[in-house]
>>> print(open('final_2.cif').read())   # mmCIF, N, CA and C atoms
data_my_file
loop_
_atom_site.label_atom_id
_atom_site.label_comp_id
_atom_site.auth_asym_id
_atom_site.auth_seq_id
_atom_site.Cartn_x
_atom_site.Cartn_y
_atom_site.Cartn_z
N MET A 1 2.73 -23.62 -11.10
CA MET A 1 3.45 -22.82 -10.12
C MET A 1 2.62 -21.58 -9.80
N ALA A 2 2.35 -21.38 -8.53
CA ALA A 2 1.55 -20.23 -8.09
C ALA A 2 2.45 -19.15 -7.52
N LEU A 3 1.96 -17.94 -7.56
CA LEU A 3 2.67 -16.81 -6.95
C LEU A 3 2.71 -16.99 -5.44
N PRO A 4 3.80 -16.60 -4.81
CA PRO A 4 3.84 -16.61 -3.34
C PRO A 4 2.75 -15.71 -2.77
N ASN A 5 2.29 -16.02 -1.58
CA ASN A 5 1.18 -15.31 -0.94
C ASN A 5 1.44 -13.81 -0.83
N ASN A 6 2.68 -13.42 -0.48
CA ASN A 6 2.96 -11.99 -0.32
C ASN A 6 2.82 -11.23 -1.63
N ILE A 7 3.18 -11.86 -2.74
CA ILE A 7 3.03 -11.20 -4.04
C ILE A 7 1.56 -11.13 -4.43
N GLN A 8 0.79 -12.17 -4.12
CA GLN A 8 -0.65 -12.15 -4.40
C GLN A 8 -1.32 -11.00 -3.64
N LYS A 9 -1.00 -10.84 -2.35
CA LYS A 9 -1.57 -9.74 -1.55
C LYS A 9 -1.18 -8.38 -2.12
N PHE A 10 0.07 -8.26 -2.50
CA PHE A 10 0.60 -7.03 -3.09
C PHE A 10 -0.19 -6.64 -4.34
N LEU A 11 -0.36 -7.60 -5.24
CA LEU A 11 -1.08 -7.34 -6.50
C LEU A 11 -2.56 -7.08 -6.25
N GLN A 12 -3.17 -7.83 -5.33
CA GLN A 12 -4.58 -7.59 -5.01
C GLN A 12 -4.79 -6.20 -4.42
N ALA A 13 -3.87 -5.77 -3.58
CA ALA A 13 -3.99 -4.43 -2.99
C ALA A 13 -3.93 -3.36 -4.07
N LEU A 14 -3.05 -3.54 -5.04
CA LEU A 14 -2.90 -2.54 -6.10
C LEU A 14 -3.92 -2.69 -7.22
N ALA A 15 -4.73 -3.72 -7.17
CA ALA A 15 -5.75 -3.91 -8.21
C ALA A 15 -6.91 -2.93 -8.06
N ASN A 16 -7.02 -2.30 -6.91
CA ASN A 16 -8.12 -1.37 -6.64
C ASN A 16 -7.69 0.06 -6.99
N GLU A 17 -8.50 0.75 -7.77
CA GLU A 17 -8.16 2.10 -8.22
C GLU A 17 -7.99 3.09 -7.07
N ASN A 18 -8.83 2.99 -6.04
CA ASN A 18 -8.69 3.89 -4.90
C ASN A 18 -7.37 3.67 -4.16
N ARG A 19 -6.96 2.41 -4.03
CA ARG A 19 -5.69 2.14 -3.37
C ARG A 19 -4.52 2.61 -4.23
N GLN A 20 -4.66 2.55 -5.54
CA GLN A 20 -3.63 3.10 -6.42
C GLN A 20 -3.52 4.61 -6.20
N ARG A 21 -4.66 5.28 -6.12
CA ARG A 21 -4.67 6.74 -5.89
C ARG A 21 -4.03 7.07 -4.54
N ILE A 22 -4.32 6.27 -3.54
CA ILE A 22 -3.74 6.50 -2.22
C ILE A 22 -2.22 6.34 -2.28
N MET A 23 -1.73 5.30 -2.92
CA MET A 23 -0.28 5.11 -3.00
C MET A 23 0.39 6.27 -3.73
N LEU A 24 -0.25 6.81 -4.73
CA LEU A 24 0.33 7.94 -5.47
C LEU A 24 0.44 9.19 -4.60
N LEU A 25 -0.40 9.31 -3.58
CA LEU A 25 -0.30 10.44 -2.66
C LEU A 25 1.06 10.47 -1.95
N PHE A 26 1.62 9.30 -1.69
CA PHE A 26 2.88 9.22 -0.97
C PHE A 26 4.07 9.69 -1.81
N ALA A 27 3.87 9.84 -3.11
CA ALA A 27 4.94 10.37 -3.96
C ALA A 27 5.19 11.85 -3.67
N SER A 28 4.14 12.58 -3.31
CA SER A 28 4.30 14.01 -3.05
C SER A 28 4.37 14.35 -1.56
N GLN A 29 3.91 13.44 -0.71
CA GLN A 29 3.97 13.66 0.73
C GLN A 29 4.29 12.33 1.40
N PRO A 30 5.47 12.22 2.01
CA PRO A 30 5.90 10.92 2.53
C PRO A 30 5.14 10.40 3.75
N VAL A 31 4.47 11.28 4.48
CA VAL A 31 3.74 10.86 5.69
C VAL A 31 2.32 11.39 5.59
N LEU A 32 1.35 10.50 5.78
CA LEU A 32 -0.06 10.88 5.72
C LEU A 32 -0.84 10.19 6.83
N THR A 33 -1.86 10.87 7.33
CA THR A 33 -2.78 10.27 8.30
C THR A 33 -4.05 9.85 7.56
N VAL A 34 -4.90 9.12 8.24
CA VAL A 34 -6.17 8.68 7.65
C VAL A 34 -6.98 9.90 7.22
N SER A 35 -7.06 10.90 8.07
CA SER A 35 -7.86 12.08 7.74
C SER A 35 -7.31 12.81 6.52
N GLU A 36 -5.99 12.86 6.38
CA GLU A 36 -5.39 13.50 5.20
C GLU A 36 -5.69 12.71 3.93
N VAL A 37 -5.62 11.39 4.03
CA VAL A 37 -5.95 10.55 2.87
C VAL A 37 -7.41 10.73 2.49
N ALA A 38 -8.28 10.72 3.49
CA ALA A 38 -9.72 10.90 3.22
C ALA A 38 -9.98 12.23 2.54
N GLU A 39 -9.35 13.28 3.02
CA GLU A 39 -9.54 14.61 2.46
C GLU A 39 -9.05 14.69 1.01
N ARG A 40 -7.88 14.14 0.76
CA ARG A 40 -7.28 14.25 -0.57
C ARG A 40 -7.92 13.34 -1.61
N THR A 41 -8.51 12.25 -1.16
CA THR A 41 -9.14 11.31 -2.10
C THR A 41 -10.64 11.49 -2.20
N GLN A 42 -11.20 12.31 -1.30
CA GLN A 42 -12.64 12.49 -1.22
C GLN A 42 -13.37 11.20 -0.87
N LEU A 43 -12.68 10.33 -0.13
CA LEU A 43 -13.29 9.11 0.39
C LEU A 43 -13.62 9.34 1.86
N GLY A 44 -14.55 8.59 2.37
CA GLY A 44 -14.89 8.70 3.79
C GLY A 44 -13.74 8.20 4.66
N MET A 45 -13.79 8.60 5.94
CA MET A 45 -12.75 8.19 6.88
C MET A 45 -12.67 6.67 7.01
N SER A 46 -13.81 6.01 7.16
CA SER A 46 -13.79 4.56 7.34
C SER A 46 -13.31 3.85 6.07
N THR A 47 -13.71 4.36 4.91
CA THR A 47 -13.25 3.78 3.64
C THR A 47 -11.75 3.96 3.49
N SER A 48 -11.26 5.16 3.78
CA SER A 48 -9.82 5.42 3.70
C SER A 48 -9.06 4.52 4.67
N SER A 49 -9.58 4.39 5.87
CA SER A 49 -8.94 3.55 6.88
C SER A 49 -8.86 2.10 6.40
N GLU A 50 -9.91 1.60 5.80
CA GLU A 50 -9.92 0.22 5.30
C GLU A 50 -8.90 0.04 4.17
N HIS A 51 -8.84 1.00 3.27
CA HIS A 51 -7.85 0.92 2.18
C HIS A 51 -6.43 0.95 2.73
N LEU A 52 -6.17 1.83 3.68
CA LEU A 52 -4.84 1.91 4.29
C LEU A 52 -4.49 0.60 5.00
N LYS A 53 -5.46 0.00 5.66
CA LYS A 53 -5.24 -1.28 6.33
C LYS A 53 -4.83 -2.35 5.32
N GLN A 54 -5.53 -2.41 4.20
CA GLN A 54 -5.22 -3.41 3.18
C GLN A 54 -3.85 -3.17 2.57
N LEU A 55 -3.49 -1.91 2.34
CA LEU A 55 -2.17 -1.58 1.80
C LEU A 55 -1.08 -1.96 2.80
N LYS A 56 -1.34 -1.74 4.08
CA LYS A 56 -0.37 -2.11 5.11
C LYS A 56 -0.22 -3.63 5.18
N GLU A 57 -1.33 -4.35 5.17
CA GLU A 57 -1.28 -5.82 5.23
C GLU A 57 -0.55 -6.41 4.03
N ALA A 58 -0.59 -5.71 2.90
CA ALA A 58 0.07 -6.18 1.69
C ALA A 58 1.55 -5.77 1.66
N GLY A 59 2.00 -5.05 2.68
CA GLY A 59 3.41 -4.67 2.75
C GLY A 59 3.76 -3.37 2.04
N LEU A 60 2.76 -2.66 1.54
CA LEU A 60 3.03 -1.42 0.82
C LEU A 60 3.21 -0.22 1.73
N LEU A 61 2.68 -0.28 2.93
CA LEU A 61 2.76 0.83 3.88
C LEU A 61 3.23 0.35 5.24
N ASN A 62 3.85 1.26 5.97
CA ASN A 62 4.15 1.11 7.38
C ASN A 62 3.30 2.12 8.13
N SER A 63 3.05 1.88 9.40
CA SER A 63 2.32 2.87 10.19
C SER A 63 2.95 3.01 11.56
N GLU A 64 2.72 4.17 12.15
CA GLU A 64 3.21 4.46 13.49
C GLU A 64 2.19 5.34 14.19
N LYS A 65 1.81 4.94 15.40
CA LYS A 65 0.85 5.73 16.17
C LYS A 65 1.60 6.86 16.86
N ILE A 66 1.16 8.08 16.58
CA ILE A 66 1.74 9.28 17.18
C ILE A 66 0.59 10.00 17.88
N GLY A 67 0.53 9.91 19.19
CA GLY A 67 -0.58 10.49 19.93
C GLY A 67 -1.88 9.81 19.54
N LYS A 68 -2.84 10.59 19.08
CA LYS A 68 -4.14 10.03 18.66
C LYS A 68 -4.17 9.66 17.18
N GLU A 69 -3.16 10.09 16.44
CA GLU A 69 -3.12 9.86 15.00
C GLU A 69 -2.23 8.66 14.66
N VAL A 70 -2.52 8.05 13.53
CA VAL A 70 -1.66 7.02 12.97
C VAL A 70 -1.07 7.60 11.69
N GLU A 71 0.26 7.61 11.62
CA GLU A 71 0.94 8.11 10.44
C GLU A 71 1.34 6.93 9.55
N TYR A 72 1.09 7.09 8.26
CA TYR A 72 1.42 6.05 7.28
C TYR A 72 2.54 6.53 6.38
N ARG A 73 3.42 5.60 6.01
CA ARG A 73 4.53 5.87 5.11
C ARG A 73 4.63 4.71 4.12
N ALA A 74 5.11 5.00 2.93
CA ALA A 74 5.37 3.93 1.96
C ALA A 74 6.48 3.05 2.51
N ASN A 75 6.31 1.76 2.40
CA ASN A 75 7.30 0.77 2.84
C ASN A 75 8.20 0.45 1.64
N VAL A 76 9.09 1.40 1.34
CA VAL A 76 9.88 1.33 0.12
C VAL A 76 10.71 0.04 0.04
N ALA A 77 11.33 -0.34 1.13
CA ALA A 77 12.17 -1.54 1.11
C ALA A 77 11.34 -2.79 0.79
N GLN A 78 10.17 -2.91 1.41
CA GLN A 78 9.32 -4.08 1.16
C GLN A 78 8.75 -4.05 -0.25
N ILE A 79 8.39 -2.87 -0.73
CA ILE A 79 7.88 -2.76 -2.11
C ILE A 79 8.94 -3.23 -3.09
N GLN A 80 10.17 -2.77 -2.91
CA GLN A 80 11.25 -3.17 -3.81
C GLN A 80 11.51 -4.66 -3.75
N GLN A 81 11.50 -5.22 -2.53
CA GLN A 81 11.72 -6.66 -2.38
C GLN A 81 10.62 -7.46 -3.09
N THR A 82 9.38 -7.04 -2.94
CA THR A 82 8.27 -7.74 -3.58
C THR A 82 8.34 -7.62 -5.10
N LEU A 83 8.71 -6.44 -5.59
CA LEU A 83 8.87 -6.27 -7.03
C LEU A 83 10.00 -7.14 -7.58
N ASP A 84 11.08 -7.27 -6.81
CA ASP A 84 12.17 -8.16 -7.22
C ASP A 84 11.70 -9.60 -7.28
N GLN A 85 10.91 -10.02 -6.28
CA GLN A 85 10.37 -11.38 -6.28
C GLN A 85 9.43 -11.60 -7.46
N LEU A 86 8.60 -10.60 -7.76
CA LEU A 86 7.69 -10.71 -8.90
C LEU A 86 8.48 -10.82 -10.20
N GLY A 87 9.52 -10.02 -10.33
CA GLY A 87 10.37 -10.09 -11.52
C GLY A 87 10.99 -11.47 -11.68
N ALA A 88 11.48 -12.04 -10.58
CA ALA A 88 12.08 -13.37 -10.64
C ALA A 88 11.04 -14.42 -11.04
N PHE A 89 9.82 -14.29 -10.50
CA PHE A 89 8.75 -15.21 -10.86
C PHE A 89 8.45 -15.12 -12.35
N LEU A 90 8.35 -13.90 -12.86
CA LEU A 90 8.02 -13.72 -14.27
C LEU A 90 9.12 -14.24 -15.19
N LYS A 91 10.36 -14.15 -14.76
CA LYS A 91 11.46 -14.70 -15.56
C LYS A 91 11.37 -16.21 -15.65
N GLN A 92 10.87 -16.85 -14.60
CA GLN A 92 10.72 -18.32 -14.61
C GLN A 92 9.64 -18.77 -15.57
N CYS A 93 8.54 -18.04 -15.58
CA CYS A 93 7.39 -18.53 -16.34
C CYS A 93 7.30 -17.94 -17.74
N CYS A 94 7.96 -16.84 -17.99
CA CYS A 94 7.74 -16.13 -19.26
C CYS A 94 9.03 -15.92 -20.00
#
>>> encode(input="final_2.cif", output="structure tokens")
Amino acid sequence: MALPNNIQKFLQALANENRQRIMLLFASQPVLTVSEVAERTQLGMSTSSEHLKQLKEAGLLNSEKIGKEVEYRANVAQIQQTLDQLGAFLKQCC
């Protein structure tokens, strides 16, 4: 029995230390732009943008274009749903 694709993406996204650091930023500030993430993590703009893209594709973040900026927010509902699915999977196998 394999993990569903959405759970695999979720876990792969969080397997990277930089993406973990980025997600932790949302605990203290609910809305961040690429430039704010780059500044706070000391990563380049393109690197930060790529990490944010992967986190969004994995369902951990939502984004909204506001003028020239893209604002990112934690996708709390999707995170909780994926964690519930992971818990159910682990109960089956373990």
>>> atom_distance(input="final_2.cif", atom1="atom C of Gln12 of chain A", atom2="atom N of Val31 of chain A")
21.7 Å
>>> select_by_dssp(input="final_2.cif", residues="segment 23-78 of chain A", states="alpha helix (DSSP H)", output="number ranges by chain")
A: 23-28, 34-41, 45-57, 76-78
>>> residues_around(input="final_2.cif", residues="segment 50-56 of chain A", least_positions_apart="2", cutoff="8 Å", atoms="only N, CA and C atoms", output="ChimeraX atom specification")
/A:9-10,12-14,18-19,22,34,44-48,58-63
>>> closest_residue(input="final_2.cif", among="A:Asn5, A:Ile79, A:Leu90, A:Val70", to="Ser35 of chain A", atoms="only N, CA and C atoms")
A:Val70
>>> resolve_selection(input="final_2.cif", expression="the PyMOL selection byres (((chain A and resi 83 and name CA) around 12) and name CA)", output="list in words")
Asn6, Ile7, Gln8, Phe10, Leu11, Gly59, Leu60, Val76, Ala77, Gln78, Ile79, Gln80, Gln81, Thr82, Asp84, Gln85, Leu86, Gly87, Ala88, Phe89 and Leu90 of chain A
>>> atom_distance(input="final_2.cif", atom1="atom C of Thr33 of chain A", atom2="atom N of Arg21 of chain A")
14.4 Å
>>> closest_residue(input="final_2.cif", among="A:Gln92, A:Glu36, A:Gln42, A:Asn75", to="Glu57 of chain A", atoms="only C-alpha atoms")
A:Asn75
>>> select_by_dssp(input="final_2.cif", residues="chain A", states="strand (DSSP E or B)", output="list in words")
Leu32, Thr33, Leu61, Asn62, Ser63, Glu64, Lys65, Ile66, Glu69, Val70, Glu71, Tyr72, Arg73 and Ala74 of chain A
>>> axis_aligned_box(input="final_2.cif", around="segment 35-45 of chain A", padding_each_side="5 Å", output="lines of an AutoDock Vina configuration file")
center_x = -10.1
center_y = 10.7
center_z = 2.9
size_x = 19.5
size_y = 18.0
size_z = 20.3
>>> atom_distance(input="final_2.cif", atom1="atom CA of Pro30 of chain A", atom2="atom N of Ala74 of chain A")
6.0 Å
>>> closest_residue(input="final_2.cif", among="A:Ser28, A:Tyr72, A:Cys93, A:Asn16", to="Ser49 of chain A", atoms="only C-alpha atoms")
A:Tyr72
>>> decode(input="final_2.cif", residues="segment 1-20 of chain A", atoms="N, CA and C atoms", output="CSV table (one decimal), in the first residue's frame")
chain,number,residue,atom,x,y,z
A,1,MET,N,0.8,-1.2,0.0
A,1,MET,CA,0.0,0.0,0.0
A,1,MET,C,0.9,1.2,0.0
A,2,ALA,N,0.7,2.1,-1.0
A,2,ALA,CA,1.5,3.3,-1.1
A,2,ALA,C,0.7,4.5,-0.6
A,3,LEU,N,1.4,5.5,-0.1
A,3,LEU,CA,0.8,6.8,0.3
A,3,LEU,C,0.1,7.5,-0.9
A,4,PRO,N,-1.0,8.1,-0.7
A,4,PRO,CA,-1.6,8.9,-1.8
A,4,PRO,C,-0.7,10.0,-2.2
A,5,ASN,N,-0.8,10.4,-3.5
A,5,ASN,CA,0.1,11.4,-4.1
A,5,ASN,C,0.2,12.7,-3.3
A,6,ASN,N,-1.0,13.2,-2.8
A,6,ASN,CA,-1.0,14.4,-2.1
A,6,ASN,C,-0.2,14.4,-0.8
A,7,ILE,N,-0.2,13.2,-0.1
A,7,ILE,CA,0.6,13.1,1.1
A,7,ILE,C,2.1,13.0,0.7
A,8,GLN,N,2.4,12.3,-0.3
A,8,GLN,CA,3.8,12.2,-0.8
A,8,GLN,C,4.3,13.6,-1.1
A,9,LYS,N,3.6,14.4,-1.8
A,9,LYS,CA,4.0,15.8,-2.1
A,9,LYS,C,4.2,16.6,-0.8
A,10,PHE,N,3.3,16.5,0.1
A,10,PHE,CA,3.3,17.2,1.4
A,10,PHE,C,4.6,16.8,2.1
A,11,LEU,N,4.9,15.5,2.2
A,11,LEU,CA,6.1,15.1,3.0
A,11,LEU,C,7.3,15.5,2.3
A,12,GLN,N,7.4,15.4,0.9
A,12,GLN,CA,8.5,15.8,0.2
A,12,GLN,C,8.8,17.3,0.3
A,13,ALA,N,7.8,18.1,0.3
A,13,ALA,CA,7.9,19.5,0.5
A,13,ALA,C,8.5,19.8,1.9
A,14,LEU,N,8.1,19.1,2.9
A,14,LEU,CA,8.6,19.4,4.3
A,14,LEU,C,9.9,18.7,4.6
A,15,ALA,N,10.4,17.9,3.6
A,15,ALA,CA,11.7,17.2,3.9
A,15,ALA,C,12.9,18.1,3.7
A,16,ASN,N,12.6,19.3,3.1
A,16,ASN,CA,13.7,20.2,2.9
A,16,ASN,C,13.8,21.2,4.1
A,17,GLU,N,15.0,21.4,4.6
A,17,GLU,CA,15.2,22.3,5.8
A,17,GLU,C,14.8,23.7,5.5
A,18,ASN,N,15.1,24.2,4.3
A,18,ASN,CA,14.7,25.6,4.0
A,18,ASN,C,13.2,25.8,3.9
A,19,ARG,N,12.5,24.8,3.4
A,19,ARG,CA,11.1,24.9,3.3
A,19,ARG,C,10.5,24.8,4.7
A,20,GLN,N,11.1,24.0,5.6
A,20,GLN,CA,10.6,24.0,7.0
A,20,GLN,C,10.8,25.3,7.6
